[in-house]
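Everything below belongs to work.tsv, which stores TSV, C-alpha atoms.
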```tsv
chain	number	residue	atom	x	y	z
A	1	MET	CA	18.72	43.77	17.44
A	2	SER	CA	20.19	43.39	13.94
A	3	LYS	CA	23.04	45.67	12.85
A	4	ILE	CA	22.88	48.35	10.18
A	5	LYS	CA	25.20	46.99	7.51
A	6	ILE	CA	27.23	49.63	5.68
A	7	ALA	CA	29.81	49.71	2.91
A	8	ILE	CA	32.36	52.53	2.73
A	9	VAL	CA	34.30	54.12	-0.11
A	10	GLY	CA	37.51	55.82	1.10
A	11	ILE	CA	39.05	54.58	4.36
A	12	GLY	CA	40.49	57.93	5.42
A	13	ASN	CA	40.45	60.01	8.57
A	14	CYS	CA	36.66	60.45	8.65
A	15	VAL	CA	36.08	56.71	8.47
A	16	SER	CA	38.75	56.14	11.12
A	17	SER	CA	36.84	58.45	13.48
A	18	LEU	CA	33.49	56.87	12.61
A	19	ILE	CA	34.67	53.31	13.29
A	20	GLN	CA	36.52	54.34	16.44
A	21	GLY	CA	33.28	56.00	17.61
A	22	ILE	CA	31.14	52.93	16.97
A	23	HIS	CA	33.34	51.01	19.42
A	24	TYR	CA	33.97	53.90	21.80
A	25	TYR	CA	30.27	54.20	22.67
A	26	LYS	CA	29.81	50.49	23.38
A	27	ASP	CA	30.68	51.02	27.04
A	28	LYS	CA	28.65	54.21	27.38
A	29	ASP	CA	25.07	54.93	28.30
A	30	PRO	CA	22.93	57.95	27.33
A	31	LYS	CA	23.95	59.89	30.44
A	32	ASP	CA	27.69	59.89	29.76
A	33	ALA	CA	27.72	59.60	25.96
A	34	ILE	CA	29.39	62.91	25.13
A	35	GLY	CA	29.43	64.11	21.54
A	36	LEU	CA	26.22	62.63	20.17
A	37	MET	CA	23.22	64.52	18.84
A	38	HIS	CA	21.00	61.44	19.29
A	39	TRP	CA	21.67	58.39	21.43
A	40	LYS	CA	18.87	56.43	19.79
A	41	ILE	CA	17.29	56.82	16.36
A	42	GLY	CA	14.55	54.31	15.71
A	43	ASP	CA	15.75	51.14	17.38
A	44	TRP	CA	19.45	51.84	16.86
A	45	ASN	CA	22.16	53.05	19.18
A	46	PRO	CA	25.49	54.39	17.81
A	47	THR	CA	27.03	50.94	18.20
A	48	ASP	CA	24.45	49.18	16.04
A	49	ILE	CA	26.43	49.80	12.86
A	50	GLU	CA	28.60	47.19	11.13
A	51	VAL	CA	31.03	47.70	8.25
A	52	VAL	CA	30.58	44.81	5.81
A	53	ALA	CA	32.49	46.11	2.76
A	54	ALA	CA	35.19	48.72	2.15
A	55	PHE	CA	36.99	50.21	-0.83
A	56	ASP	CA	40.15	52.31	-1.19
A	57	ILE	CA	43.01	52.81	-3.66
A	58	ASP	CA	45.99	53.23	-1.30
A	59	ALA	CA	48.59	50.43	-1.17
A	60	ARG	CA	48.78	50.69	2.63
A	61	LYS	CA	45.05	49.96	2.99
A	62	VAL	CA	44.04	47.70	0.11
A	63	GLY	CA	44.27	44.06	1.22
A	64	LYS	CA	44.27	44.98	4.91
A	65	THR	CA	41.40	44.37	7.30
A	66	VAL	CA	39.32	47.43	8.14
A	67	ASP	CA	40.58	47.60	11.73
A	68	GLU	CA	44.16	47.86	10.37
A	69	ALA	CA	43.40	50.17	7.46
A	70	ILE	CA	41.80	52.91	9.56
A	71	PHE	CA	45.14	53.51	11.31
A	72	ALA	CA	47.34	53.24	8.18
A	73	LYS	CA	49.15	56.19	6.59
A	74	PRO	CA	48.35	58.79	5.46
A	75	ASN	CA	45.58	58.86	8.12
A	76	CYS	CA	46.52	61.25	10.89
A	77	THR	CA	43.43	61.90	12.97
A	78	THR	CA	43.30	61.59	16.75
A	79	VAL	CA	43.11	58.04	18.08
A	80	PHE	CA	40.54	58.13	20.87
A	81	GLN	CA	39.68	54.40	20.75
A	82	GLU	CA	42.80	52.27	20.43
A	83	GLU	CA	41.12	48.89	20.88
A	84	ILE	CA	39.20	47.97	17.74
A	85	PRO	CA	38.00	44.36	17.40
A	86	LYS	CA	39.60	42.36	14.61
A	87	SER	CA	37.53	42.68	11.44
A	88	ASP	CA	37.08	40.01	8.80
A	89	VAL	CA	36.32	42.67	6.16
A	90	ILE	CA	39.17	43.18	3.69
A	91	VAL	CA	39.57	46.58	2.01
A	92	GLN	CA	39.02	46.07	-1.72
A	93	MET	CA	40.73	47.97	-4.52
A	94	GLY	CA	38.39	50.48	-6.12
A	95	PRO	CA	38.75	52.10	-9.54
A	96	VAL	CA	40.96	55.20	-9.33
A	97	LEU	CA	39.15	57.23	-12.03
A	98	ASP	CA	39.64	60.91	-11.02
A	99	GLY	CA	40.07	60.13	-7.32
A	100	VAL	CA	43.77	61.09	-7.16
A	101	SER	CA	44.94	64.52	-8.27
A	102	ASP	CA	48.25	64.58	-10.20
A	103	HIS	CA	49.87	67.00	-7.75
A	104	MET	CA	49.58	64.44	-4.91
A	105	ALA	CA	52.59	62.60	-6.41
A	106	GLU	CA	54.84	65.55	-5.53
A	107	PHE	CA	54.59	64.97	-1.76
A	108	GLU	CA	56.19	62.57	0.72
A	109	GLU	CA	54.54	59.16	1.05
A	110	ASP	CA	53.50	59.67	4.69
A	111	TYR	CA	51.30	62.60	3.62
A	112	THR	CA	49.87	61.57	0.27
A	113	PHE	CA	48.22	58.65	-1.54
A	114	ILE	CA	50.16	55.69	-2.91
A	115	VAL	CA	48.04	54.00	-5.57
A	116	ALA	CA	48.03	50.22	-5.15
A	117	ASP	CA	49.13	48.07	-8.08
A	118	GLU	CA	45.95	46.01	-8.02
A	119	GLU	CA	43.06	45.34	-10.36
A	120	PRO	CA	39.83	47.02	-9.20
A	121	ALA	CA	37.22	44.78	-7.64
A	122	ASP	CA	33.75	44.38	-9.10
A	123	VAL	CA	32.18	46.93	-6.79
A	124	VAL	CA	28.56	45.99	-7.44
A	125	GLU	CA	29.26	42.30	-6.90
A	126	VAL	CA	31.11	42.99	-3.64
A	127	LEU	CA	28.23	45.15	-2.41
A	128	LYS	CA	25.69	42.46	-3.22
A	129	GLU	CA	27.69	39.64	-1.63
A	130	SER	CA	28.44	41.65	1.52
A	131	GLY	CA	24.79	42.23	2.39
A	132	ALA	CA	25.39	45.99	2.68
A	133	GLU	CA	22.28	48.12	3.06
A	134	ILE	CA	23.90	51.56	2.72
A	135	LEU	CA	26.93	52.85	0.80
A	136	LEU	CA	28.86	55.80	2.27
A	137	SER	CA	31.00	57.85	-0.11
A	138	TYR	CA	34.07	59.55	1.40
A	139	LEU	CA	35.92	60.23	-1.85
A	140	PRO	CA	38.37	63.15	-2.07
A	141	VAL	CA	37.08	66.59	-3.05
A	142	GLY	CA	36.91	66.97	-6.83
A	143	SER	CA	36.35	63.28	-7.59
A	144	GLU	CA	33.42	63.99	-9.89
A	145	GLU	CA	33.69	60.86	-12.08
A	146	ALA	CA	34.39	58.53	-9.15
A	147	ALA	CA	31.48	59.95	-7.13
A	148	ARG	CA	29.03	59.25	-9.93
A	149	PHE	CA	30.49	55.79	-10.49
A	150	TYR	CA	29.86	54.77	-6.88
A	151	ALA	CA	26.40	56.35	-6.81
A	152	GLN	CA	25.51	54.19	-9.80
A	153	CYS	CA	27.01	51.17	-8.04
A	154	ALA	CA	24.64	51.78	-5.11
A	155	LEU	CA	21.71	51.87	-7.53
A	156	ASP	CA	22.86	48.72	-9.32
A	157	ALA	CA	23.37	46.88	-6.04
A	158	GLU	CA	19.99	48.24	-4.84
A	159	ILE	CA	21.24	49.77	-1.61
A	160	ALA	CA	20.81	53.21	-0.03
A	161	TYR	CA	23.41	55.95	-0.48
A	162	ILE	CA	24.98	58.65	1.69
A	163	ASN	CA	27.18	61.19	-0.09
A	164	CYS	CA	29.60	62.79	2.37
A	165	MET	CA	31.64	64.66	-0.26
A	166	PRO	CA	30.93	67.76	-2.36
A	167	VAL	CA	29.79	66.38	-5.68
A	168	PHE	CA	26.12	67.20	-6.16
A	169	ILE	CA	24.33	63.87	-6.51
A	170	VAL	CA	21.58	63.63	-3.90
A	171	SER	CA	20.68	67.29	-4.51
A	172	ASP	CA	20.52	66.66	-8.29
A	173	PRO	CA	16.90	66.00	-9.46
A	174	GLU	CA	18.07	63.47	-12.06
A	175	TRP	CA	19.87	61.34	-9.48
A	176	ASP	CA	16.98	61.78	-7.05
A	177	ALA	CA	14.63	60.37	-9.69
A	178	LYS	CA	16.89	57.30	-10.08
A	179	PHE	CA	16.86	56.58	-6.33
A	180	ARG	CA	13.09	57.20	-6.14
A	181	GLU	CA	12.49	54.75	-8.99
A	182	LYS	CA	14.47	52.08	-7.13
A	183	GLY	CA	12.80	52.87	-3.80
A	184	LEU	CA	16.17	53.61	-2.18
A	185	PRO	CA	16.77	56.52	0.23
A	186	ALA	CA	19.67	58.92	-0.34
A	187	VAL	CA	21.31	61.48	1.98
A	188	GLY	CA	23.65	64.28	0.82
A	189	ASP	CA	25.58	66.26	-0.23
A	190	ASP	CA	28.84	67.20	1.60
A	191	ILE	CA	28.91	66.41	5.30
A	192	LYS	CA	28.87	69.19	7.91
A	193	ALA	CA	30.67	69.06	11.23
A	194	GLN	CA	28.86	69.15	14.56
A	195	ILE	CA	30.53	72.45	15.48
A	196	GLY	CA	32.63	73.42	12.49
A	197	ALA	CA	33.31	76.35	10.20
A	198	THR	CA	30.10	76.04	8.17
A	199	ILE	CA	27.64	75.60	11.05
A	200	THR	CA	29.30	78.43	13.00
A	201	HIS	CA	29.24	80.75	9.98
A	202	ARG	CA	25.58	79.87	9.31
A	203	THR	CA	24.59	80.45	12.93
A	204	LEU	CA	26.24	83.86	13.09
A	205	SER	CA	24.80	84.84	9.69
A	206	ASN	CA	21.33	83.90	10.90
A	207	LEU	CA	21.93	85.91	14.09
A	208	PHE	CA	22.78	88.98	11.99
A	209	LYS	CA	19.54	88.52	10.06
A	210	GLU	CA	17.38	88.03	13.15
A	211	ARG	CA	18.89	91.06	14.92
A	212	GLY	CA	18.46	93.37	11.93
A	213	VAL	CA	22.18	93.71	11.11
A	214	LYS	CA	23.12	93.88	7.45
A	215	LEU	CA	26.06	91.64	6.56
A	216	VAL	CA	28.17	93.50	3.99
A	217	HIS	CA	31.42	91.50	3.84
A	218	THR	CA	32.49	88.10	5.13
A	219	TYR	CA	35.20	85.54	4.66
A	220	GLN	CA	35.91	82.05	5.99
A	221	ILE	CA	39.44	80.75	5.47
A	222	ASN	CA	40.49	77.29	6.64
A	223	THR	CA	43.85	75.55	7.05
A	224	GLY	CA	44.69	71.95	7.86
A	225	GLY	CA	47.29	69.22	7.42
A	226	ASN	CA	45.35	66.13	6.36
A	227	THR	CA	45.04	64.65	2.85
A	228	ASP	CA	41.82	66.60	2.32
A	229	PHE	CA	43.71	69.89	2.52
A	230	LEU	CA	46.62	68.49	0.50
A	231	ASN	CA	44.19	67.39	-2.22
A	232	MET	CA	42.58	70.84	-2.24
A	233	LEU	CA	45.86	72.52	-3.18
A	234	ASN	CA	44.67	71.73	-6.70
A	235	ARG	CA	42.23	74.63	-7.05
A	236	LYS	CA	40.72	73.07	-10.18
A	237	ARG	CA	39.06	70.48	-7.92
A	238	LEU	CA	37.38	73.04	-5.69
A	239	ASP	CA	34.42	74.37	-7.68
A	240	SER	CA	31.77	72.19	-6.04
A	241	LYS	CA	33.39	72.51	-2.59
A	242	LYS	CA	33.33	76.31	-2.71
A	243	GLU	CA	29.77	76.30	-4.02
A	244	SER	CA	28.65	73.90	-1.30
A	245	LYS	CA	30.20	75.89	1.56
A	246	THR	CA	29.15	79.27	0.16
A	247	GLU	CA	25.56	78.21	-0.50
A	248	ALA	CA	25.29	76.87	3.06
A	249	VAL	CA	25.82	80.44	4.30
A	250	GLN	CA	23.98	82.31	1.53
A	251	SER	CA	20.86	80.22	2.17
A	252	VAL	CA	20.29	81.65	5.67
A	253	LEU	CA	20.79	85.33	4.78
A	254	ALA	CA	17.92	87.81	4.43
A	255	GLU	CA	19.19	88.57	0.92
A	256	ARG	CA	21.98	86.96	-1.09
A	257	MET	CA	25.34	88.69	-0.98
A	258	ASP	CA	27.24	89.79	-4.07
A	259	PRO	CA	29.87	87.10	-4.82
A	260	HIS	CA	32.59	89.75	-4.45
A	261	ASP	CA	31.54	90.35	-0.83
A	262	ILE	CA	31.65	86.74	0.39
A	263	HIS	CA	34.65	84.42	0.25
A	264	ILE	CA	34.52	80.91	1.66
A	265	GLY	CA	37.13	78.31	0.97
A	266	PRO	CA	40.32	76.59	2.03
A	267	SER	CA	43.45	78.70	2.29
A	268	ASP	CA	46.43	76.40	2.65
A	269	TYR	CA	47.86	73.03	3.59
A	270	ILE	CA	50.03	73.04	6.74
A	271	PRO	CA	51.38	69.50	7.34
A	272	TRP	CA	52.06	69.84	11.08
A	273	GLN	CA	48.40	70.65	11.73
A	274	LYS	CA	47.54	67.05	10.72
A	275	ASP	CA	43.77	66.55	11.20
A	276	ASN	CA	43.41	69.79	13.15
A	277	LYS	CA	41.43	72.34	11.14
A	278	ILE	CA	41.70	76.03	11.93
A	279	CYS	CA	39.05	78.42	10.66
A	280	PHE	CA	39.52	82.18	10.44
A	281	LEU	CA	36.15	83.90	10.16
A	282	ARG	CA	35.40	87.59	9.69
A	283	MET	CA	31.99	89.24	9.36
A	284	GLU	CA	31.45	92.95	8.74
A	285	GLY	CA	28.01	94.43	9.21
A	286	LYS	CA	26.01	97.59	9.71
A	287	THR	CA	23.79	98.14	12.74
A	288	PHE	CA	21.36	100.89	13.81
A	289	GLY	CA	22.03	104.14	11.99
A	290	ASP	CA	24.28	102.40	9.43
A	291	VAL	CA	27.01	102.21	12.09
A	292	PRO	CA	29.64	99.56	11.23
A	293	MET	CA	30.57	96.56	13.39
A	294	ASP	CA	32.61	93.42	12.83
A	295	ILE	CA	33.30	90.01	14.32
A	296	GLU	CA	36.52	88.02	14.04
A	297	LEU	CA	36.61	84.42	15.20
A	298	ARG	CA	39.21	81.66	15.27
A	299	LEU	CA	37.89	78.10	15.51
A	300	SER	CA	40.14	75.07	16.07
A	301	VAL	CA	38.69	71.55	15.76
A	302	GLU	CA	39.84	68.01	15.06
A	303	ASP	CA	38.23	67.73	11.66
A	304	SER	CA	37.26	64.07	11.29
A	305	PRO	CA	35.63	63.27	14.66
A	306	ASN	CA	33.69	66.50	14.18
A	307	SER	CA	31.94	65.06	11.12
A	308	ALA	CA	31.56	61.50	12.44
A	309	GLY	CA	28.92	62.62	14.93
A	310	CYS	CA	26.79	63.80	12.00
A	311	VAL	CA	27.38	60.71	9.86
A	312	ILE	CA	26.34	58.36	12.65
A	313	ASP	CA	22.92	60.09	12.64
A	314	ALA	CA	22.74	60.08	8.83
A	315	ILE	CA	23.29	56.29	8.77
A	316	ARG	CA	20.52	55.61	11.25
A	317	CYS	CA	18.05	57.97	9.56
A	318	CYS	CA	18.89	56.33	6.23
A	319	LYS	CA	18.07	52.95	7.77
A	320	LEU	CA	14.73	54.38	8.92
A	321	GLY	CA	14.11	55.43	5.32
A	322	LEU	CA	14.84	51.89	4.15
A	323	GLU	CA	12.46	50.39	6.69
A	324	ARG	CA	9.71	52.82	5.68
A	325	GLY	CA	10.18	52.18	1.97
A	326	ILE	CA	11.15	55.75	1.12
A	327	GLY	CA	12.94	56.31	-2.17
A	328	GLY	CA	14.98	59.37	-3.09
A	329	GLN	CA	16.12	62.37	-1.09
A	330	LEU	CA	15.74	62.30	2.69
A	331	THR	CA	15.41	66.07	2.98
A	332	SER	CA	15.18	66.33	6.77
A	333	ILE	CA	18.45	64.64	7.76
A	334	SER	CA	20.16	66.02	4.64
A	335	SER	CA	19.39	69.61	5.64
A	336	TYR	CA	20.55	68.88	9.20
A	337	VAL	CA	23.94	67.28	8.48
A	338	MET	CA	24.87	68.27	4.90
A	339	LYS	CA	26.19	71.55	3.46
A	340	HIS	CA	24.44	71.21	0.10
A	341	PRO	CA	21.15	69.38	0.78
A	342	PRO	CA	18.25	69.20	-1.67
A	343	LEU	CA	16.36	71.75	0.46
A	344	GLN	CA	17.99	74.36	2.70
A	345	PHE	CA	16.41	75.25	6.04
A	346	THR	CA	17.63	77.26	9.00
A	347	ASP	CA	19.41	75.02	11.48
A	348	ASP	CA	16.53	75.27	13.99
A	349	GLU	CA	14.05	74.22	11.29
A	350	ALA	CA	16.34	71.40	10.16
A	351	ALA	CA	16.68	70.07	13.71
A	352	ALA	CA	12.90	70.15	14.19
A	353	ASN	CA	12.38	68.36	10.86
A	354	VAL	CA	14.77	65.57	11.87
A	355	GLU	CA	12.88	65.01	15.12
A	356	ALA	CA	9.63	64.91	13.16
A	357	PHE	CA	11.10	62.41	10.70
A	358	ILE	CA	12.45	60.17	13.47
A	359	ASN	CA	9.02	60.22	15.15
A	360	GLY	CA	7.24	59.39	11.90
A	361	GLU	CA	5.54	62.79	11.66
A	362	LEU	CA	7.38	63.84	8.49
A	363	GLU	CA	7.60	61.64	5.41
A	364	ARG	CA	11.19	62.38	4.45
```
As structure tokens - that is how I would like this structure written.
Amino acid sequence: MSKIKIAIVGIGNCVSSLIQGIHYYKDKDPKDAIGLMHWKIGDWNPTDIEVVAAFDIDARKVGKTVDEAIFAKPNCTTVFQEEIPKSDVIVQMGPVLDGVSDHMAEFEEDYTFIVADEEPADVVEVLKESGAEILLSYLPVGSEEAARFYAQCALDAEIAYINCMPVFIVSDPEWDAKFREKGLPAVGDDIKAQIGATITHRTLSNLFKERGVKLVHTYQINTGGNTDFLNMLNRKRLDSKKESKTEAVQSVLAERMDPHDIHIGPSDYIPWQKDNKICFLRMEGKTFGDVPMDIELRLSVEDSPNSAGCVIDAIRCCKLGLERGIGGQLTSISSYVMKHPPLQFTDDEAAANVEAFINGELER
């Protein structure tokens, strides 16, 4: 069986977890493969994915092979698969554009980005020569210009596109039209975790709705110690992130909440947490007779492996889209694994739609 050939922008913690996972599941079978939503999608197992091109801007990753770069600083996620086969794919220098916030220079090298003194590669040419079929974007939050640059590179190289970060591309009708015209599938925007803050908040919000409880106030505050949280100390880069996370919850409510009554967003960067993300969630509601109730929840997860389980399904569904000649938004898998998809569904509906898409019963 041929591999699904992917190119990746941003060799950070999420990509480290994804590549570790591809090799971790090689010795597993469906019965003992913990942590997967689907063992097989189409003809592909989790291990049928191959990285054929990679881009980054950090001096400790550019010029290294992918198997080395995924463990280089400032990556700090859990290593659950130490043995990674030697790769012949060299991480190429990408254009910096707005990918590095100015405040990142104020922090110690082990925790922040060090921009390589290299000329950027010709991204489109590298993509074409590599034989990549899908481009995954893992750019830092707030990289609006860079996100659009790489989306256009995918179009120019005529490959599919998965947007794992919160810049609204796949959910934008203008970009959707571009991918439709080229006959290229696209999945996005902003990857969810398997069991993370957003999916938990959505599930509880839907429970309130189904049980007739009015949600009157809620907040979700998150802390972490990876470069994602360090980057988000620059609040000017957070507009799309806050919108993405807030809309993911608003979309499942019986009626939209006043913006003053719902707060969802990162709180602070705590270096010693590393890739551990802690979510503090509070929901205040009114039950029968207008009687108040509330829920407080603390969720602790390793952030990057939590999203890799969703991306590994997005890749395989995107490959199905390629095989079926579908151009534009793949709305089923996007609603299942993304915070800001083109169409929002409840999580039960999204799961059913993905099964229907995999089985060929739903077009996209």
Report task. Show which residues sit within 10 Å of A:Pro74, as a PyMOL selection string. Count all atoms listed in the file, and ignore same-chain residues fewer than 2 positions away. Result -> chain A and resi 12-13+58+60-61+70-72+76-77+108-114+226-227+274
Requested in this report: Would you work out the distance separating atom CA of A:Asp347 from atom CA of A:Ile169, expressed in Å to one decimal?
Outcome: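 Taking atom CA of A:Asp347 as the start and atom CA of A:Ile169 as the end point, the length is 21.7 Å.
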Query - Residue contacts of stretch 353-363 of chain A (10 Å, only C-alpha atoms) excluding same-chain residues fewer than 3 positions away, as a ChimeraX atom specification - result: /A:38,40-42,313,316-317,320-321,324,326,330-337,345,347-350
Query raised in the report: Can you tell me, as a PyMOL selection string, what residues are no more than 10 Å from A:Pro271 when counting only C-alpha atoms, ignoring any on the same chain fewer than 2 positions away?
Result: chain A and resi 111+223-227+229-230+268-269+273-276
Dump as JSON lines the rows for residues of stretch 133-193 of chain A within 12 Å of stretch 299-304 of chain A: closest atom pair and distance in Å with one decimal, all atoms listed in the file counted, ordered by chain and rising residue number.
```
{"residue": "A:Tyr138", "atom": "CA", "partner": "A:Ser304", "partner_atom": "CA", "distance": 11.3}
{"residue": "A:Cys164", "atom": "CA", "partner": "A:Ser304", "partner_atom": "CA", "distance": 11.8}
{"residue": "A:Ile191", "atom": "CA", "partner": "A:Ser304", "partner_atom": "CA", "distance": 10.5}
{"residue": "A:Lys192", "atom": "CA", "partner": "A:Asp303", "partner_atom": "CA", "distance": 10.2}
{"residue": "A:Ala193", "atom": "CA", "partner": "A:Asp303", "partner_atom": "CA", "distance": 7.7}
```
Report summary line: note - atom CA of A:Pro166 and atom CA of A:Asp190 are separated by 4.5 Å
Exercise: A:Asp258 partners within 10 Å, only C-alpha atoms, chain neighbours under 5 positions left out, as a PDB file with C-alpha atoms, keeping the file's coordinate frame:
```pdb
ATOM      1  CA  VAL A 216      28.170  93.500   3.990  1.00  0.00           C
ATOM      2  CA  HIS A 217      31.420  91.500   3.840  1.00  0.00           C
ATOM      3  CA  GLN A 250      23.980  82.310   1.530  1.00  0.00           C
TER       4      GLN A 250
END
```
Query - Selected residue, from A:Gln194, A:Asn231, A:Ser130, A:Ser171, that lies nearest to A:Gly142 when counting only C-alpha atoms - result: A:Asn231
Report task. To one decimal in Å, tell me the separation between atom CA of A:Val213 and atom CA of A:Ile264. Result -> 20.1 Å
